[in-house]
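Enquirer: Can you read through this structure? Questions will come right after.
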Amino acid sequence: MKKEILIGFLVALAATFFGVFIFIEFFSNYDFYTSIDLIIEGGLQGKVLVLGAIANFFVFFIFLKKKQVYRARGVLLETFVIAFFVLLLTLFTK
């Protein structure tokens with residue numbers, strides 16, 4: 001059970017980073033590393049991270065469709081961790 005939740009957590013983490021990468025590549029006029037620098041300068045890390053976490057919806061519903069409930073719980077857990085991290089970023093970067 002714990003192994004399945006960990007697998008879901010790690011898959012969701014990879015999906016979030018993949019979502020961030022896709023967002024930066026498709027919606028930025030600059031190369032990847034310049035875009036990262038501009039995001040950090042502008043204090044937009046939380047917003048970009050939330051947009052990247054949208055990919056977790058797809059992973060979550062795929063796990064539910066395959067009846068892998070514990071992996072879906074891992075995805076949900078990772079989504080809550082990302083939300084908490086974004087909250088901390090928002091509170092402490094002002």
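Starting from 1 in every chain, residues are counted up; chains themselves are A, B, ... following the order of the structure tokens, and ligands are numbered from 1 as listed.
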As a ChimeraX atom specification, please: the residues near Leu76 in chain A (cut-off 8 Å, only C-alpha atoms, same-chain neighbours under 4 positions excluded).
Expert: /A:9,60,72,80
Enquirer: For Leu6 in chain A, which residue among A:Lys65, A:Phe84, A:Phe92, A:Val75 is the nearest when counting only C-alpha atoms?
Expert: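 That would be A:Val75, the residue with the smallest distance to Leu6 in chain A.
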Enquirer: Counting only C-alpha atoms, which of A:Phe23, A:Met1, A:Ser35, A:Leu10 gets nearest to Leu77 in chain A?
Expert: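 Residue with the minimum atom-to-atom distance to Leu77 in chain A: A:Leu10.
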Enquirer: For each of A:Ile40, A:Val59, A:Leu51, A:Leu88, take the minimum atom-to-atom distance to Ala12 in chain A, counting only C-alpha atoms, then give the residue where this is smallest.
Expert: A:Val59
Enquirer: Please run DSSP on the backbone and report, as a PDB file with N, CA and C atoms, in the first residue's frame, all residues within range 23-93 of chain A that come out as alpha helix (DSSP H).
Expert:
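Just written: selection.pdb:
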```pdb
ATOM      1  N   PHE A  23       4.844  24.042 -20.315  1.00  0.00           N
ATOM      2  CA  PHE A  23       4.342  25.415 -20.241  1.00  0.00           C
ATOM      3  C   PHE A  23       5.417  26.410 -20.664  1.00  0.00           C
ATOM      4  N   ILE A  24       6.624  26.241 -20.151  1.00  0.00           N
ATOM      5  CA  ILE A  24       7.705  27.173 -20.477  1.00  0.00           C
ATOM      6  C   ILE A  24       8.068  27.077 -21.958  1.00  0.00           C
ATOM      7  N   GLU A  25       8.161  25.873 -22.470  1.00  0.00           N
ATOM      8  CA  GLU A  25       8.565  25.698 -23.865  1.00  0.00           C
ATOM      9  C   GLU A  25       7.544  26.268 -24.855  1.00  0.00           C
ATOM     10  N   PHE A  26       6.256  26.091 -24.570  1.00  0.00           N
ATOM     11  CA  PHE A  26       5.236  26.528 -25.523  1.00  0.00           C
ATOM     12  C   PHE A  26       4.813  27.982 -25.365  1.00  0.00           C
ATOM     13  N   PHE A  27       4.912  28.523 -24.162  1.00  0.00           N
ATOM     14  CA  PHE A  27       4.374  29.862 -23.936  1.00  0.00           C
ATOM     15  C   PHE A  27       5.426  30.923 -23.659  1.00  0.00           C
ATOM     16  N   PHE A  32      14.768  28.001 -22.605  1.00  0.00           N
ATOM     17  CA  PHE A  32      14.319  27.456 -21.321  1.00  0.00           C
ATOM     18  C   PHE A  32      15.014  28.120 -20.136  1.00  0.00           C
ATOM     19  N   TYR A  33      16.334  28.220 -20.174  1.00  0.00           N
ATOM     20  CA  TYR A  33      17.076  28.754 -19.024  1.00  0.00           C
ATOM     21  C   TYR A  33      16.845  30.250 -18.831  1.00  0.00           C
ATOM     22  N   THR A  34      16.697  30.979 -19.906  1.00  0.00           N
ATOM     23  CA  THR A  34      16.370  32.403 -19.793  1.00  0.00           C
ATOM     24  C   THR A  34      14.974  32.567 -19.199  1.00  0.00           C
ATOM     25  N   SER A  35      14.063  31.719 -19.610  1.00  0.00           N
ATOM     26  CA  SER A  35      12.701  31.767 -19.062  1.00  0.00           C
ATOM     27  C   SER A  35      12.701  31.486 -17.568  1.00  0.00           C
ATOM     28  N   ILE A  36      13.493  30.509 -17.140  1.00  0.00           N
ATOM     29  CA  ILE A  36      13.588  30.201 -15.705  1.00  0.00           C
ATOM     30  C   ILE A  36      14.118  31.410 -14.938  1.00  0.00           C
ATOM     31  N   ASP A  37      15.147  32.064 -15.477  1.00  0.00           N
ATOM     32  CA  ASP A  37      15.694  33.259 -14.832  1.00  0.00           C
ATOM     33  C   ASP A  37      14.651  34.377 -14.737  1.00  0.00           C
ATOM     34  N   LEU A  38      13.877  34.568 -15.799  1.00  0.00           N
ATOM     35  CA  LEU A  38      12.831  35.602 -15.790  1.00  0.00           C
ATOM     36  C   LEU A  38      11.717  35.269 -14.810  1.00  0.00           C
ATOM     37  N   ILE A  39      11.382  33.995 -14.694  1.00  0.00           N
ATOM     38  CA  ILE A  39      10.355  33.573 -13.741  1.00  0.00           C
ATOM     39  C   ILE A  39      10.813  33.842 -12.314  1.00  0.00           C
ATOM     40  N   ILE A  40      12.066  33.541 -12.026  1.00  0.00           N
ATOM     41  CA  ILE A  40      12.602  33.778 -10.684  1.00  0.00           C
ATOM     42  C   ILE A  40      12.687  35.275 -10.398  1.00  0.00           C
ATOM     43  N   GLU A  41      13.150  36.060 -11.371  1.00  0.00           N
ATOM     44  CA  GLU A  41      13.224  37.514 -11.188  1.00  0.00           C
ATOM     45  C   GLU A  41      11.853  38.122 -10.936  1.00  0.00           C
ATOM     46  N   GLY A  42      10.851  37.631 -11.635  1.00  0.00           N
ATOM     47  CA  GLY A  42       9.505  38.172 -11.489  1.00  0.00           C
ATOM     48  C   GLY A  42       8.735  37.611 -10.313  1.00  0.00           C
ATOM     49  N   GLN A  45       7.340  31.889  -9.540  1.00  0.00           N
ATOM     50  CA  GLN A  45       7.555  30.456  -9.379  1.00  0.00           C
ATOM     51  C   GLN A  45       6.278  29.722  -9.001  1.00  0.00           C
ATOM     52  N   GLY A  46       5.519  30.268  -8.073  1.00  0.00           N
ATOM     53  CA  GLY A  46       4.295  29.620  -7.617  1.00  0.00           C
ATOM     54  C   GLY A  46       3.262  29.493  -8.721  1.00  0.00           C
ATOM     55  N   LYS A  47       3.111  30.537  -9.491  1.00  0.00           N
ATOM     56  CA  LYS A  47       2.121  30.517 -10.567  1.00  0.00           C
ATOM     57  C   LYS A  47       2.481  29.504 -11.639  1.00  0.00           C
ATOM     58  N   VAL A  48       3.750  29.445 -11.993  1.00  0.00           N
ATOM     59  CA  VAL A  48       4.188  28.491 -13.007  1.00  0.00           C
ATOM     60  C   VAL A  48       4.076  27.065 -12.466  1.00  0.00           C
ATOM     61  N   LEU A  49       4.370  26.876 -11.189  1.00  0.00           N
ATOM     62  CA  LEU A  49       4.252  25.561 -10.575  1.00  0.00           C
ATOM     63  C   LEU A  49       2.807  25.079 -10.552  1.00  0.00           C
ATOM     64  N   VAL A  50       1.891  25.979 -10.264  1.00  0.00           N
ATOM     65  CA  VAL A  50       0.467  25.613 -10.275  1.00  0.00           C
ATOM     66  C   VAL A  50       0.019  25.250 -11.687  1.00  0.00           C
ATOM     67  N   LEU A  51       0.472  25.990 -12.674  1.00  0.00           N
ATOM     68  CA  LEU A  51       0.118  25.657 -14.056  1.00  0.00           C
ATOM     69  C   LEU A  51       0.706  24.306 -14.460  1.00  0.00           C
ATOM     70  N   GLY A  52       1.884  24.003 -13.974  1.00  0.00           N
ATOM     71  CA  GLY A  52       2.482  22.702 -14.262  1.00  0.00           C
ATOM     72  C   GLY A  52       1.761  21.563 -13.567  1.00  0.00           C
ATOM     73  N   ALA A  55      -1.183  19.007 -14.940  1.00  0.00           N
ATOM     74  CA  ALA A  55      -0.945  17.675 -15.509  1.00  0.00           C
ATOM     75  C   ALA A  55      -1.329  16.565 -14.529  1.00  0.00           C
ATOM     76  N   ASN A  56      -1.375  16.871 -13.235  1.00  0.00           N
ATOM     77  CA  ASN A  56      -1.758  15.872 -12.243  1.00  0.00           C
ATOM     78  C   ASN A  56      -3.206  15.404 -12.413  1.00  0.00           C
ATOM     79  N   PHE A  57      -4.063  16.252 -12.965  1.00  0.00           N
ATOM     80  CA  PHE A  57      -5.447  15.829 -13.201  1.00  0.00           C
ATOM     81  C   PHE A  57      -5.494  14.629 -14.134  1.00  0.00           C
ATOM     82  N   PHE A  58      -4.703  14.683 -15.184  1.00  0.00           N
ATOM     83  CA  PHE A  58      -4.687  13.586 -16.145  1.00  0.00           C
ATOM     84  C   PHE A  58      -4.179  12.305 -15.506  1.00  0.00           C
ATOM     85  N   VAL A  59      -3.096  12.409 -14.753  1.00  0.00           N
ATOM     86  CA  VAL A  59      -2.522  11.239 -14.092  1.00  0.00           C
ATOM     87  C   VAL A  59      -3.511  10.673 -13.077  1.00  0.00           C
ATOM     88  N   PHE A  60      -4.148  11.545 -12.315  1.00  0.00           N
ATOM     89  CA  PHE A  60      -5.115  11.126 -11.301  1.00  0.00           C
ATOM     90  C   PHE A  60      -6.254  10.327 -11.928  1.00  0.00           C
ATOM     91  N   PHE A  61      -6.831  10.851 -12.997  1.00  0.00           N
ATOM     92  CA  PHE A  61      -7.955  10.159 -13.612  1.00  0.00           C
ATOM     93  C   PHE A  61      -7.541   8.887 -14.345  1.00  0.00           C
ATOM     94  N   ILE A  62      -6.331   8.831 -14.846  1.00  0.00           N
ATOM     95  CA  ILE A  62      -5.833   7.589 -15.443  1.00  0.00           C
ATOM     96  C   ILE A  62      -5.720   6.505 -14.371  1.00  0.00           C
ATOM     97  N   PHE A  63      -5.168   6.861 -13.205  1.00  0.00           N
ATOM     98  CA  PHE A  63      -5.066   5.885 -12.125  1.00  0.00           C
ATOM     99  C   PHE A  63      -6.442   5.445 -11.640  1.00  0.00           C
ATOM    100  N   LEU A  64      -7.383   6.367 -11.574  1.00  0.00           N
ATOM    101  CA  LEU A  64      -8.734   5.976 -11.157  1.00  0.00           C
ATOM    102  C   LEU A  64      -9.391   5.064 -12.181  1.00  0.00           C
ATOM    103  N   LYS A  65      -9.201   5.360 -13.444  1.00  0.00           N
ATOM    104  CA  LYS A  65      -9.790   4.529 -14.495  1.00  0.00           C
ATOM    105  C   LYS A  65      -9.220   3.116 -14.470  1.00  0.00           C
ATOM    106  N   VAL A  69      -6.321   2.856  -6.917  1.00  0.00           N
ATOM    107  CA  VAL A  69      -6.763   3.893  -5.994  1.00  0.00           C
ATOM    108  C   VAL A  69      -5.611   4.427  -5.144  1.00  0.00           C
ATOM    109  N   TYR A  70      -4.717   3.552  -4.711  1.00  0.00           N
ATOM    110  CA  TYR A  70      -3.622   4.020  -3.858  1.00  0.00           C
ATOM    111  C   TYR A  70      -2.640   4.902  -4.624  1.00  0.00           C
ATOM    112  N   ARG A  71      -2.423   4.612  -5.892  1.00  0.00           N
ATOM    113  CA  ARG A  71      -1.585   5.492  -6.696  1.00  0.00           C
ATOM    114  C   ARG A  71      -2.277   6.836  -6.894  1.00  0.00           C
ATOM    115  N   ALA A  72      -3.590   6.824  -7.070  1.00  0.00           N
ATOM    116  CA  ALA A  72      -4.341   8.078  -7.191  1.00  0.00           C
ATOM    117  C   ALA A  72      -4.232   8.885  -5.894  1.00  0.00           C
ATOM    118  N   ARG A  73      -4.210   8.189  -4.760  1.00  0.00           N
ATOM    119  CA  ARG A  73      -4.018   8.887  -3.487  1.00  0.00           C
ATOM    120  C   ARG A  73      -2.635   9.551  -3.425  1.00  0.00           C
ATOM    121  N   GLY A  74      -1.637   8.883  -3.974  1.00  0.00           N
ATOM    122  CA  GLY A  74      -0.301   9.473  -4.028  1.00  0.00           C
ATOM    123  C   GLY A  74      -0.274  10.732  -4.869  1.00  0.00           C
ATOM    124  N   VAL A  75      -1.015  10.720  -5.979  1.00  0.00           N
ATOM    125  CA  VAL A  75      -1.117  11.913  -6.829  1.00  0.00           C
ATOM    126  C   VAL A  75      -1.786  13.039  -6.054  1.00  0.00           C
ATOM    127  N   LEU A  76      -2.836  12.706  -5.339  1.00  0.00           N
ATOM    128  CA  LEU A  76      -3.547  13.709  -4.544  1.00  0.00           C
ATOM    129  C   LEU A  76      -2.637  14.276  -3.452  1.00  0.00           C
ATOM    130  N   LEU A  77      -1.867  13.403  -2.814  1.00  0.00           N
ATOM    131  CA  LEU A  77      -0.934  13.846  -1.780  1.00  0.00           C
ATOM    132  C   LEU A  77       0.099  14.807  -2.352  1.00  0.00           C
ATOM    133  N   GLU A  78       0.645  14.472  -3.518  1.00  0.00           N
ATOM    134  CA  GLU A  78       1.640  15.346  -4.145  1.00  0.00           C
ATOM    135  C   GLU A  78       1.022  16.683  -4.534  1.00  0.00           C
ATOM    136  N   THR A  79      -0.219  16.666  -4.965  1.00  0.00           N
ATOM    137  CA  THR A  79      -0.897  17.910  -5.322  1.00  0.00           C
ATOM    138  C   THR A  79      -1.067  18.801  -4.096  1.00  0.00           C
ATOM    139  N   PHE A  80      -1.386  18.198  -2.947  1.00  0.00           N
ATOM    140  CA  PHE A  80      -1.486  18.974  -1.713  1.00  0.00           C
ATOM    141  C   PHE A  80      -0.127  19.515  -1.287  1.00  0.00           C
ATOM    142  N   VAL A  81       0.923  18.745  -1.482  1.00  0.00           N
ATOM    143  CA  VAL A  81       2.275  19.208  -1.143  1.00  0.00           C
ATOM    144  C   VAL A  81       2.658  20.396  -2.024  1.00  0.00           C
ATOM    145  N   ILE A  82       2.347  20.307  -3.309  1.00  0.00           N
ATOM    146  CA  ILE A  82       2.631  21.426  -4.215  1.00  0.00           C
ATOM    147  C   ILE A  82       1.835  22.662  -3.795  1.00  0.00           C
ATOM    148  N   ALA A  83       0.568  22.470  -3.441  1.00  0.00           N
ATOM    149  CA  ALA A  83      -0.264  23.600  -3.010  1.00  0.00           C
ATOM    150  C   ALA A  83       0.310  24.247  -1.746  1.00  0.00           C
ATOM    151  N   PHE A  84       0.760  23.426  -0.805  1.00  0.00           N
ATOM    152  CA  PHE A  84       1.356  23.957   0.425  1.00  0.00           C
ATOM    153  C   PHE A  84       2.656  24.698   0.118  1.00  0.00           C
ATOM    154  N   PHE A  85       3.460  24.135  -0.786  1.00  0.00           N
ATOM    155  CA  PHE A  85       4.713  24.780  -1.188  1.00  0.00           C
ATOM    156  C   PHE A  85       4.442  26.130  -1.851  1.00  0.00           C
ATOM    157  N   VAL A  86       3.426  26.194  -2.694  1.00  0.00           N
ATOM    158  CA  VAL A  86       3.065  27.456  -3.352  1.00  0.00           C
ATOM    159  C   VAL A  86       2.580  28.467  -2.313  1.00  0.00           C
ATOM    160  N   LEU A  87       1.836  27.998  -1.318  1.00  0.00           N
ATOM    161  CA  LEU A  87       1.395  28.885  -0.241  1.00  0.00           C
ATOM    162  C   LEU A  87       2.596  29.472   0.500  1.00  0.00           C
ATOM    163  N   LEU A  88       3.571  28.624   0.799  1.00  0.00           N
ATOM    164  CA  LEU A  88       4.785  29.121   1.469  1.00  0.00           C
ATOM    165  C   LEU A  88       5.550  30.096   0.600  1.00  0.00           C
ATOM    166  N   LEU A  89       5.643  29.798  -0.692  1.00  0.00           N
ATOM    167  CA  LEU A  89       6.300  30.733  -1.614  1.00  0.00           C
ATOM    168  C   LEU A  89       5.600  32.081  -1.632  1.00  0.00           C
ATOM    169  N   THR A  90       4.291  32.039  -1.642  1.00  0.00           N
ATOM    170  CA  THR A  90       3.506  33.274  -1.682  1.00  0.00           C
ATOM    171  C   THR A  90       3.683  34.087  -0.410  1.00  0.00           C
ATOM    172  N   LEU A  91       3.704  33.405   0.734  1.00  0.00           N
ATOM    173  CA  LEU A  91       3.819  34.119   2.008  1.00  0.00           C
ATOM    174  C   LEU A  91       5.200  34.718   2.239  1.00  0.00           C
ATOM    175  N   PHE A  92       6.231  33.999   1.829  1.00  0.00           N
ATOM    176  CA  PHE A  92       7.588  34.409   2.212  1.00  0.00           C
ATOM    177  C   PHE A  92       8.367  35.115   1.106  1.00  0.00           C
TER     178      PHE A  92
END
```
Enquirer: Tell me which of A:Gly8, A:Ala53, A:Lys3, A:Gly43 sits closest to Phe21 in chain A, counting only C-alpha atoms.
Expert: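 Checking each candidate against Phe21 in chain A, we get A:Ala53 as the closest.
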Enquirer: In Å, with one decimal, what is the gap from CA of Lys2 in chain A to CA of Ile54 in chain A?
Expert: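 Interatomic distance, CA of Lys2 in chain A to CA of Ile54 in chain A: 24.2 Å.
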Enquirer: Separation of CA of Phe18 in chain A and CA of Asp31 in chain A, in Å?
Expert: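 Atom-to-atom, CA of Phe18 in chain A to CA of Asp31 in chain A, that is 16.0 Å.
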